[in-house]
Amino acid sequence: MNRKIFILLAMLISLGSCNDNYLDITPLDRIVDEQVWKDENLVGLYVNGLYDGVPHGFNTHSWSKLTDEAYGDQTWLTGGWNPDNINSFGEGNNYIDYYKRAYQYIRRCNIFLAEIGKSAVPAANQPALIAQVKFVRAFIYANLLWRYGGMPIVEDIYDLQDRDKIARSTYQQVLDYILKDLNEASAALPDRYAATNANFGRATKHAALALKSRLLLYAASSLINTTNDKAKWQAAADAAKAVINLGVYKLVDRYENTFLSVNDEIIFGRTFNSTNGHLYTFTNTNGVYGGWGGFGGRNCPSQNFINQYEMANGMLPFNADGTVNAASGYDPQNPYVNREPRFYQTIIFHGDTFRPEVRPAAAPKYDVTLGVTGFDASGKPTLTNVNGIDNPKLNGDNSLTSYNWKKFIDRNLPISRSNGGYPQPWIFFRLGEIYLNYAEAAFELGNEAEARTYTNLIRKRAGLPNLPETLSGQELRDRIRHERQIELVGEGHRFFDVRRWKIAPVTESQHIKGVDIYKLPDGSLRYVDKILIERPVWNDKFYWVPIPRSEINKGAGLAQSPLWD
Amino acid sequence: MKKKIIKRNLIAFLMKISVIMLLIVLGAGITYGRSGLAQELLKRTVTIDAEQRDLKSVLNQLEKSAKVRFSYVPTLVRDQKVSLTMHNQPLEEVLVKILRPLRIQYSVSGNYIILNRDSNSNKPIPTPSSSSSTNETTFVEEILPVDRTVSGKVVDEKGVGLPGVNILLKGTTRGMSTNADGNFQMTVPDGVQTLVFSFVGYLPKEAALSAQQTSLNIQLEVDQKALEEVVVVGYGVQKKSTLTGSVVSVSGKDIVKSPAVNVTNSLQGRLPGVIATNRTGEPGRDDAQILIRGRSTFGNNQPLLVIDGVPRPTEGLGRIDPQSIESITVLKDGAAAIYGARAANGVILVETKRGVEGKPRFDFSYNQGFSQPTRILKLTDAVEHALARNEAAVRNGMTTMPFSNAEIELFRNGSDPNLYPNTDWVKETLKPWTPQNKMNLTINGGSQRVLYFFNVGMLNQDGHFVNNPTNYKQYEVRANIDANINSNMRVSLNIAGRLEKRMYPSTGTWVNFVNILSALPTIPARYPNGLIAAGRLGENPLLRDQVGYLSQERLPIQSTLSAQYKVPFIKGMTVDASYSFDFTHDFNKTFQKPYSYWQYVPATQDYINVKSTFYANPSVQDYFGRVFAQTYNLRLGYAKTIGSHSIDAMVGAERAQNSGNNFSASRRNFPTTTLLDLNFGGSSLSDLGNSGSSFLTRRDNYFGRAGYNYKEKYLAEFLFRYDGSPIFPEDKRYGFFPGASVGWVVSQEPFMSSLSSVDRLKVRASYGELGNDNISDAYAYLRTYSIGRSYNFGGVDVLGLSPGVLPNQNYTWEVLKTINLGLEASLWKSKLGIEFDIFSQKRSSILAARQLSISDTYGFSALPPENIGKVSNYGFELILSHRNNIGGLNYSAKGNISFARNKYVYFDEVPKAAEYQNQTGKPIGAPLIWATGGIYRTQEEIDNSVHLPTARVGDVIYLDYNGDGVINNNDQYRLNKSETPEIVFGMDMSANYKDFDLNLFFQGQGNAVYFPGITGLGGASNSAAFRAKDRWTPENPNGSMPRSGGNFPQMSEFNMYKATFVRLKTLEIGYRLPQKLLSKVGLSNLRVYTNAFNLFTLSSVSFMDPEGRGDGADLNSTRTDANYYPQLKVFNFGVNLSF
């Protein structure tokens, strides 16, 4: 008996004492660095992981809520954003606060570029991967440049203990750096991937050209090009023309179809699918459709924007001073008739029929009316309790402006947050934009005919008459910009356009409006504009996005964006 | 770095030497070990015929005739006489007859029979061959003339019959034990005899019987020394009287007084130095957060949990069946060093009950409770809400009012409940009372050979929502068995298995409370005809039973097999070995399904059924996970007393491995919602999803303890652990953690003997170095990547790599250096007990990711843990106790108070914009808050002050704290308090009179702040009633609350409340039915009682529970809003019965 015990104990001890490498274990739930560079497959995956560093516009809402396109986030539109709260405008705001994320991905790109030469990837396969990474890095820098102006160019791969002085480069230095990356990348990139190709969405030579077009257009604009250096406009025009001259892209016949699936107008985009897509459709359709209406109606088309839509005859409904342009035929008490076709393809408005099959049978049409018995002497309505089903009084997720977005919304997919997602691609670059880039640059170079021609291409597809041949000078410039405002709404341009054109002091000081539509007992309607957000007077510091104060306080040397404290 | 390696090697070397020595010792044992022929040896037959012969000569004779050798010390056989005649009987029988009356034990080793004095001489000696599982007469009757029967009763100090008392006729081996009532009847030879009564925990008593006496009643006295408290410490127990560390414990008896189903909530206020904060009462997720001596790190502060000697996941503490807990002990100071790198946050030791020798005892208890939230936020009603909305619109310059006067009137008069309801969401969606019940059966008993404790328990706790499947059910079985294989060896087996079943709706708890507390009172919960309306965002909490569910099953099984071996040839040496194997199995099923609600259509005056788009289609996700934990442990102990010197030493080694894997799989588009196995879901590729992972981690440890005392007067102890963990870089894996303590029992000194008022006085001091390696980013010294879906090309998802934390080659555990001074005293015969400890802790190398000093431009992914912080923490604990007896009334009171204050000493903190914002020098968790100055009453006040551009009359005044002429984040300053209380206290009072008993237990906290997250008013959500009640309006210009719609920051002086509170934690009244009555129905005990938990709370935060807000999904989370499952109040009725 006792011997058994002793044997047992002896065994136990020997069990516990011989294994010297007991603690040498590798974690089972992650890949260790050395393995990555030894495996061509994993290197490919490394590159795939970098694309997400480029912000797209479907992170909950479109960019509209950060501009006068929509009634949006109060803090933003009331000028409440500042270095203290800017970090809350990250992912959910399409990375308007992009600083930290950008440099994380830049570091990942830099690590790749440092390691690829020593990796197991055959030399012949390396250039194609390097070109993709350089394109992504260039796109990231471009997004930094547009938000913050000149930012530090980081090529070193810092480690935990490293400290270096960080200084902003100039706008031009960063621009040159990006262009150099793009030029180098272009050499090893394929021209394009067809819309049906499984690689659609990877970097291409054409994508690099399109990015260059926008970069140079922005750089030529008056915010940057303070001396109005024509050479910059020429570069912008050339870059746009280079894309146009490719001749492989064409406008989609019907405007609204441009945004629902990959097509030949799209030069570069980010694809999604129904399993792991974005939730744009769900988050932006209103409560009656079962969506979140932009979270309590915080991303709804503003009256400010609606008023910009031309009449079908190509005339503006309002004069420059804000009075109704009677000649256009616009009736403020019947505002949704005879507007230009893109209005009907972009906006859900009172009386519109949009996806009646997902609406209650009793209310197939969008109805935001407020029932009234009449108006008192001061014009104040006497409300009844019979309101339209889409009125925000019935559901907090209904629009506060009385409009909802139709653009990007797929008409056939169920509206639900648990649907897995929606597959509409986010369009980084499409031919329509390039036409307008070119028109703008051509105009600034004095080539008004060319500018009109390319603007009219856009108008033609929209179903509008050409701009009058007589239009010239500032009037023409305004119409080109106007065309851009309408055509590219929700695609992430307006925020930068009003700044680079330096019209933000005007547009960004206008109160954000919606409309109340009262329904009288006889069924007649009365439209009364309402102010939803009183906007403060523009401050020039809003031209650039501030860097979070915590970063400035680190004292690493990064300068705050201009005019911010 | 080199130095560390050398140190590690040295220690490993020492460890090996000790292991080798042990092997030699054991090897020797094997040489002498018997050959398995022992049984044969004992069966050899012998003949003996002795009359008052010397034992020594009898043994010599047996040696010859049985061919065996006896081994004994000469004193053992000196002056012992033997009278015995036996023919051809087995040696075994002969030895029993000879040796038992002489109180000599024997054991066989090889050809040797070793004789020892029976150490357990108060107890009857079992015959070796019979399995003496009961306490009935177990002795071989001697042939003595039977003359008379003596009967009587043995009672305890209270006069209650004592069952199982051993009775021995002095000078013989004849004996028996008392029956269940303490009665006995025994045959005794004629003449004057002496009976010896003995019972564990009582002083033995001899009673002389006169020649003719036939009845005898005996009262046994409690053996104060035996009752002396022993305290569980790491790898062993110690007498409380000679303890030198700061250790507190609470017995299972006190824990079961609380009707709370979660043990962690029963600990609140019970253990001085332990801050247990219950932040949520959600069934199944209501673990209190436990901080031992407050916070001394801004890293992980979870203490180590050790159940029955084996480190186990801390989450398990709350779920142990209280009925199976013997004690919970907390090591607070250097005494925890025996647990090394995991001890810095303190160590909680749980011992479960074990069998007690005696007849089987069945204990049954049943508790039926009813619970409700302690407090729940009161909200504005429809009218108040509408008014506040309109006021906010005016303030913010909107031209259209959200509500017209006519509409407000409709809310007020309730004439149109379809469109203008006034909904009290709390009342609609929460039940006033919710049942819970607990049931338990334990069986406890055993013989000298085998002792057993069995427990089976179950509990059921329902949620507090109407139409919401929230429920927690638990089933636990435990068996603790000790088998004395022979006199030197004991083998124990503990097995505990538990099934924890949790059921929640498929939507989160937080969002559900948002849908209650933020839902507008102006929308209906139900229409007047009873149909359930949409509610906020179509997520009416009343619909939560239709959305599917989250069902969680957790099945932890913990088993330990351990053996203790008293090395027979080295007295005082023991070898302990244990192996434990724990297995936890998780299975979660998330079922989501579309649902519908009703909507009133004014135009047609109809109700239409609207399908919610919340979930597009029925989907199921199954999660399966398993975790294995294995711990091997081997210890060598040695205890010896030489004269006045006692030593007690132990060295040991322990290795542990944790591993596990999990996977989850999901399907969408289930055609039916009755069959919910994955197999029945949609089969198209886009309907399928799955994932999986696994992990492995290990530990390698060596530890030891050496204690010394001189006459139990001067005490000293040293302990250490050499701890290795693979999560650190190779040269940083092992660490040495020493602890040392000394004590002086002053009351043992001769000069104290004159002070009769002092029963006991001890002072002690300790120092220890402890570690903390609990970090979320293990293996952060490696540059790693995870693989996952990262992008989409051409409509197809592709995998991508994303980097883990930045590697740090240079990190290791945190180090806590702790000093403790303690004093224990008992005065005036326990009328006053004092225990006082002061401590100082300095934590360095605190592991945390850098927050601020690294520029984001470097582009680092998540930062790794680094040893960057220093925190100091100091405080005290005081326990005062009083016990007395007046007439039949026994009462006692025990109060404790703890204070712990910490501050950041060093922290990688680049100075903030201003010194007053720095965390350094301030307590952990101290928030940045806005300096505020009340409310603007006039426009002039605004114009004449530095103000926010948006400031309006009626708004909170933001102060320009730094005087730079603008209000921005630099005007926030760091508070010197946090939400963690610096003071916690408890007061336990109990009394019993005859068959009644009463217990009151108060608990509370102080020096903590609370910022209710309910400052919003006038927005698109409902608001707190107290926020709206006395708000500024043009008509109420002196209102105490800011106006609707203004900027009212949560973290501000204006919104700061003291989180101090006192609550009646437990109140219990019990009645024990008279013994006479019970014995008729065969019961030995029946007690009925009622108790209550969190009965009332006094606090300045009157609108919510002041204890804090938590998220059941994450223990360390604190919610800043009101949307959490509130703490509970429980009323309970229970019955305990034993037979």
# chains A, B, ... in the order shown; residues from 1 in each chain; ligands from 1

$ select_by_dssp --residues "range 272-459 of chain A" --states "helix (DSSP H, G or I)" --output "VMD selection string"
chain A and resid 280 to 284 287 to 289 303 to 306 326 to 328 341 to 346 356 to 358 431 to 444 448 to 459

$ write_last_selection --atoms "C-alpha atoms" --output "CSV table (one decimal), in the first residue's frame"
chain,number,residue,atom,x,y,z
A,280,TYR,CA,-27.3,53.2,-45.5
A,281,THR,CA,-30.8,52.2,-46.7
A,282,PHE,CA,-31.9,51.3,-43.2
A,283,THR,CA,-30.4,54.2,-41.4
A,284,ASN,CA,-31.7,56.8,-43.8
A,287,GLY,CA,-39.8,55.4,-39.5
A,288,VAL,CA,-42.7,54.6,-41.7
A,289,TYR,CA,-40.5,52.5,-44.0
A,303,GLN,CA,-35.3,72.9,-47.7
A,304,ASN,CA,-32.2,74.8,-48.5
A,305,PHE,CA,-31.2,72.1,-50.8
A,306,ILE,CA,-34.6,71.4,-52.2
A,326,ALA,CA,-41.8,83.9,-61.3
A,327,ALA,CA,-40.6,83.3,-64.8
A,328,SER,CA,-39.6,79.8,-63.9
A,341,PRO,CA,-36.0,65.0,-63.1
A,342,ARG,CA,-33.2,64.5,-60.6
A,343,PHE,CA,-35.4,66.0,-57.9
A,344,TYR,CA,-37.8,63.1,-58.3
A,345,GLN,CA,-35.0,60.6,-58.4
A,346,THR,CA,-33.2,61.9,-55.3
A,356,PRO,CA,-45.8,51.6,-51.4
A,357,GLU,CA,-45.5,47.9,-50.9
A,358,VAL,CA,-43.6,48.4,-47.6
A,431,LEU,CA,-17.3,60.0,-64.9
A,432,GLY,CA,-20.0,62.5,-64.0
A,433,GLU,CA,-17.7,64.1,-61.5
A,434,ILE,CA,-14.8,64.2,-63.9
A,435,TYR,CA,-17.0,66.1,-66.4
A,436,LEU,CA,-17.8,68.6,-63.8
A,437,ASN,CA,-14.1,68.8,-62.6
A,438,TYR,CA,-13.2,69.5,-66.2
A,439,ALA,CA,-16.0,72.0,-66.8
A,440,GLU,CA,-14.9,73.9,-63.7
A,441,ALA,CA,-11.2,73.9,-64.6
A,442,ALA,CA,-12.0,74.9,-68.2
A,443,PHE,CA,-14.1,77.8,-67.0
A,444,GLU,CA,-11.4,79.0,-64.7
A,448,GLU,CA,-16.3,78.9,-71.2
A,449,ALA,CA,-17.6,77.0,-74.3
A,450,GLU,CA,-15.8,73.9,-73.1
A,451,ALA,CA,-17.1,74.4,-69.6
A,452,ARG,CA,-20.7,74.7,-70.9
A,453,THR,CA,-20.3,71.6,-73.1
A,454,TYR,CA,-19.3,69.3,-70.3
A,455,THR,CA,-21.8,70.8,-67.9
A,456,ASN,CA,-24.5,70.2,-70.6
A,457,LEU,CA,-23.4,66.5,-70.8
A,458,ILE,CA,-24.5,66.2,-67.2
A,459,ARG,CA,-27.7,68.1,-67.8

$ closest_residue --among "A:Leu488, A:Ala312, A:Leu413, A:Leu217" --to "chain B" --atoms "only C-alpha atoms"
A:Leu413

$ closest_residue --among "B:Asn494, B:Ser258, B:Ser786, B:Thr574" --to "Ile557 in chain B" --atoms "only C-alpha atoms"
B:Asn494

$ residues_around --residues "Asn444 in chain B" --least-positions-apart "6" --cutoff "7 Å" --atoms "only C-alpha atoms" --output "PyMOL selection string"
chain B and resi 355-356+360-362+452-454

$ atom_distance --atom1 "CA of Thr674 in chain B" --atom2 "CA of Lys501 in chain B"
20.2 Å

$ closest_residue --among "B:Gln546, B:Asn278, B:Ser693, B:Ser578" --to "chain A" --atoms "only C-alpha atoms"
B:Ser693

$ residues_around --residues "Tyr51 in chain A" --least-positions-apart "3" --cutoff "9 Å" --atoms "only C-alpha atoms" --output "list in words"
Val47, Asn48, Val54, Tyr105, Val133, Val136 and Arg202 of chain A; Ser790 and Tyr791 of chain B

$ atom_distance --atom1 "CA of Gly689 in chain B" --atom2 "CA of Arg668 in chain B"
8.7 Å

$ residues_around --residues "range 1090-1093 of chain B" --least-positions-apart "6" --cutoff "6 Å" --atoms "only C-alpha atoms" --output "number ranges by chain"
B: 1065-1069, 1129-1134

$ residues_around --residues "Asp190 in chain B" --least-positions-apart "5" --cutoff "7 Å" --atoms "only C-alpha atoms" --output "list in words"
Asp147, Arg148 and Ala211 of chain B

$ closest_residue --among "A:Arg461, A:Lys241, A:His482, A:Lys100" --to "chain B" --atoms "only C-alpha atoms"
A:Lys100

$ select_by_dssp --residues "range 371-423 of chain A" --states "strand (DSSP E or B)" --output "PDB file with C-alpha atoms, in the first residue's frame"
ATOM      1  CA  GLY A 371     -54.040  68.649 -39.920  1.00  0.00           C
ATOM      2  CA  VAL A 372     -55.356  72.150 -39.187  1.00  0.00           C
ATOM      3  CA  THR A 373     -58.757  73.656 -38.945  1.00  0.00           C
ATOM      4  CA  GLY A 374     -57.424  76.993 -40.112  1.00  0.00           C
ATOM      5  CA  PHE A 375     -55.091  79.839 -39.271  1.00  0.00           C
ATOM      6  CA  PRO A 381     -52.243  77.274 -37.399  1.00  0.00           C
ATOM      7  CA  THR A 382     -54.967  75.709 -35.318  1.00  0.00           C
ATOM      8  CA  LEU A 383     -53.829  72.128 -35.266  1.00  0.00           C
ATOM      9  CA  THR A 384     -56.048  69.094 -35.234  1.00  0.00           C
ATOM     10  CA  ASN A 385     -54.812  65.696 -34.252  1.00  0.00           C
ATOM     11  CA  VAL A 386     -55.038  64.211 -37.727  1.00  0.00           C
ATOM     12  CA  ASN A 387     -51.529  64.157 -39.092  1.00  0.00           C
ATOM     13  CA  ASN A 404     -36.206  61.907 -47.140  1.00  0.00           C
ATOM     14  CA  TRP A 405     -33.407  60.673 -49.342  1.00  0.00           C
ATOM     15  CA  TYR A 422     -27.058  46.656 -48.498  1.00  0.00           C
TER      16      TYR A 422
END

$ residues_around --residues "Leu542 in chain B" --least-positions-apart "3" --cutoff "12 Å" --atoms "only C-alpha atoms" --output "PyMOL selection string"
chain B and resi 425-431+464-469+505+512-513+515-516+524-526+530-536+538-539+545-547+595-598

$ write_last_selection --atoms "N, CA and C atoms" --output "short mmCIF file (atom, residue, chain, number, x, y, z; two decimals), in the first residue's frame"
data_model
loop_
_atom_site.label_atom_id
_atom_site.label_comp_id
_atom_site.auth_asym_id
_atom_site.auth_seq_id
_atom_site.Cartn_x
_atom_site.Cartn_y
_atom_site.Cartn_z
N TRP B 425 -44.25 54.83 -18.73
CA TRP B 425 -43.58 53.66 -19.30
C TRP B 425 -43.07 52.70 -18.23
N VAL B 426 -42.62 53.28 -17.12
CA VAL B 426 -42.10 52.41 -16.05
C VAL B 426 -43.22 51.51 -15.53
N LYS B 427 -44.35 52.12 -15.30
CA LYS B 427 -45.47 51.36 -14.78
C LYS B 427 -45.97 50.33 -15.78
N GLU B 428 -45.94 50.71 -17.04
CA GLU B 428 -46.45 49.80 -18.06
C GLU B 428 -45.55 48.59 -18.27
N THR B 429 -44.25 48.79 -18.09
CA THR B 429 -43.32 47.75 -18.55
C THR B 429 -42.61 47.00 -17.43
N LEU B 430 -42.70 47.51 -16.20
CA LEU B 430 -42.04 46.80 -15.10
C LEU B 430 -43.08 46.26 -14.13
N LYS B 431 -42.80 45.06 -13.63
CA LYS B 431 -43.72 44.44 -12.67
C LYS B 431 -43.48 45.02 -11.29
N HIS B 464 -37.82 41.46 -14.13
CA HIS B 464 -38.79 42.43 -13.64
C HIS B 464 -39.59 43.10 -14.73
N PHE B 465 -39.42 42.61 -15.96
CA PHE B 465 -40.18 43.22 -17.05
C PHE B 465 -41.50 42.50 -17.25
N VAL B 466 -42.47 43.27 -17.73
CA VAL B 466 -43.69 42.65 -18.23
C VAL B 466 -43.39 42.18 -19.65
N ASN B 467 -43.84 41.03 -20.03
CA ASN B 467 -43.63 40.49 -21.39
C ASN B 467 -42.18 40.53 -21.81
N ASN B 468 -41.33 39.99 -20.99
CA ASN B 468 -39.90 40.04 -21.34
C ASN B 468 -39.25 38.82 -20.73
N PRO B 469 -38.74 37.93 -21.55
CA PRO B 469 -38.23 36.68 -21.01
C PRO B 469 -36.88 36.84 -20.34
N PRO B 505 -34.19 38.59 -23.53
CA PRO B 505 -34.68 38.82 -24.89
C PRO B 505 -33.49 38.98 -25.84
N ASN B 512 -33.20 48.12 -23.86
CA ASN B 512 -34.54 47.96 -23.32
C ASN B 512 -34.87 49.06 -22.30
N PHE B 513 -33.88 49.41 -21.49
CA PHE B 513 -34.12 50.50 -20.55
C PHE B 513 -34.19 51.84 -21.25
N ASN B 515 -35.54 52.17 -24.04
CA ASN B 515 -36.89 52.17 -24.57
C ASN B 515 -37.96 52.37 -23.49
N ILE B 516 -37.55 52.21 -22.24
CA ILE B 516 -38.49 52.53 -21.16
C ILE B 516 -38.30 53.97 -20.71
N PRO B 524 -48.31 55.93 -27.04
CA PRO B 524 -48.91 54.89 -26.21
C PRO B 524 -48.04 53.65 -26.08
N ALA B 525 -48.12 53.00 -24.92
CA ALA B 525 -47.52 51.68 -24.76
C ALA B 525 -48.53 50.64 -25.26
N ARG B 526 -49.77 50.84 -24.85
CA ARG B 526 -50.88 50.02 -25.34
C ARG B 526 -52.00 50.98 -25.71
N GLY B 530 -56.06 47.60 -25.55
CA GLY B 530 -55.10 46.59 -25.09
C GLY B 530 -54.05 46.22 -26.10
N LEU B 531 -54.19 46.64 -27.35
CA LEU B 531 -53.21 46.28 -28.37
C LEU B 531 -51.89 46.99 -28.08
N ILE B 532 -50.81 46.28 -28.28
CA ILE B 532 -49.49 46.84 -27.99
C ILE B 532 -49.06 47.74 -29.14
N ALA B 533 -48.69 48.95 -28.79
CA ALA B 533 -48.31 49.93 -29.80
C ALA B 533 -46.82 49.85 -30.08
N ALA B 534 -46.37 50.71 -30.99
CA ALA B 534 -44.99 50.62 -31.47
C ALA B 534 -43.97 50.94 -30.39
N GLY B 535 -44.27 51.93 -29.57
CA GLY B 535 -43.28 52.39 -28.62
C GLY B 535 -42.16 53.12 -29.31
N ARG B 536 -41.10 53.37 -28.57
CA ARG B 536 -39.98 54.10 -29.13
C ARG B 536 -39.33 53.26 -30.24
N GLY B 538 -40.42 51.59 -32.53
CA GLY B 538 -40.99 50.26 -32.77
C GLY B 538 -40.38 49.20 -31.87
N GLU B 539 -39.77 49.65 -30.77
CA GLU B 539 -39.11 48.71 -29.87
C GLU B 539 -39.77 48.71 -28.50
N ASP B 545 -40.98 39.95 -25.67
CA ASP B 545 -41.16 38.49 -25.67
C ASP B 545 -41.42 37.96 -27.08
N GLN B 546 -41.52 38.85 -28.03
CA GLN B 546 -41.79 38.41 -29.41
C GLN B 546 -40.58 38.50 -30.31
N VAL B 547 -39.48 39.00 -29.79
CA VAL B 547 -38.34 39.27 -30.66
C VAL B 547 -37.37 38.11 -30.71
N TYR B 595 -41.21 40.69 -35.66
CA TYR B 595 -42.40 40.78 -34.82
C TYR B 595 -43.26 41.92 -35.36
N SER B 596 -44.38 42.09 -34.74
CA SER B 596 -45.25 43.16 -35.24
C SER B 596 -45.92 43.86 -34.08
N TYR B 597 -46.38 45.05 -34.34
CA TYR B 597 -47.09 45.81 -33.33
C TYR B 597 -48.30 46.46 -34.00
N TRP B 598 -49.05 47.19 -33.23
CA TRP B 598 -50.27 47.79 -33.77
C TRP B 598 -50.11 49.29 -33.91
#

$ atom_distance --atom1 "CA of Val620 in chain B" --atom2 "CA of Pro414 in chain A"
18.7 Å

$ closest_residue --among "B:Thr920, B:Thr399, B:Asn609, B:Ser1023" --to "Thr380 in chain B" --atoms "only C-alpha atoms"
B:Ser1023

$ decode --residues "range 416-430 of chain A" --atoms "N, CA and C atoms" --output "CSV table (one decimal), in the first residue's frame"
chain,number,residue,atom,x,y,z
A,416,SER,N,-34.4,46.7,-43.0
A,416,SER,CA,-34.2,46.2,-41.7
A,416,SER,C,-32.8,46.3,-41.3
A,417,ARG,N,-32.5,46.5,-40.1
A,417,ARG,CA,-31.1,46.6,-39.6
A,417,ARG,C,-30.5,45.2,-39.6
A,418,SER,N,-31.3,44.2,-39.5
A,418,SER,CA,-30.6,42.9,-39.4
A,418,SER,C,-30.6,42.2,-40.7
A,419,ASN,N,-30.7,43.0,-41.8
A,419,ASN,CA,-30.7,42.4,-43.1
A,419,ASN,C,-29.3,41.9,-43.6
A,420,GLY,N,-28.3,42.2,-42.8
A,420,GLY,CA,-27.0,41.8,-43.2
A,420,GLY,C,-26.3,43.0,-43.9
A,421,GLY,N,-27.1,43.8,-44.6
A,421,GLY,CA,-26.5,44.9,-45.2
A,421,GLY,C,-27.0,45.2,-46.6
A,422,TYR,N,-26.6,46.3,-47.2
A,422,TYR,CA,-27.1,46.7,-48.5
A,422,TYR,C,-25.9,46.8,-49.4
A,423,PRO,N,-26.1,46.4,-50.7
A,423,PRO,CA,-24.9,46.2,-51.6
A,423,PRO,C,-24.6,47.4,-52.5
A,424,GLN,N,-25.3,48.5,-52.4
A,424,GLN,CA,-25.0,49.6,-53.3
A,424,GLN,C,-23.6,50.0,-53.1
A,425,PRO,N,-22.8,50.2,-54.2
A,425,PRO,CA,-21.4,50.6,-54.0
A,425,PRO,C,-21.3,52.0,-53.6
A,426,TRP,N,-20.2,52.3,-52.8
A,426,TRP,CA,-19.9,53.7,-52.6
A,426,TRP,C,-19.0,54.1,-53.7
A,427,ILE,N,-19.4,55.3,-54.3
A,427,ILE,CA,-18.7,55.7,-55.5
A,427,ILE,C,-17.6,56.7,-55.1
A,428,PHE,N,-16.3,56.3,-55.3
A,428,PHE,CA,-15.3,57.3,-55.0
A,428,PHE,C,-15.2,58.3,-56.2
A,429,PHE,N,-15.1,57.7,-57.4
A,429,PHE,CA,-15.0,58.5,-58.6
A,429,PHE,C,-15.9,58.0,-59.7
A,430,ARG,N,-16.6,58.9,-60.4
A,430,ARG,CA,-17.4,58.5,-61.5
A,430,ARG,C,-17.2,59.5,-62.6
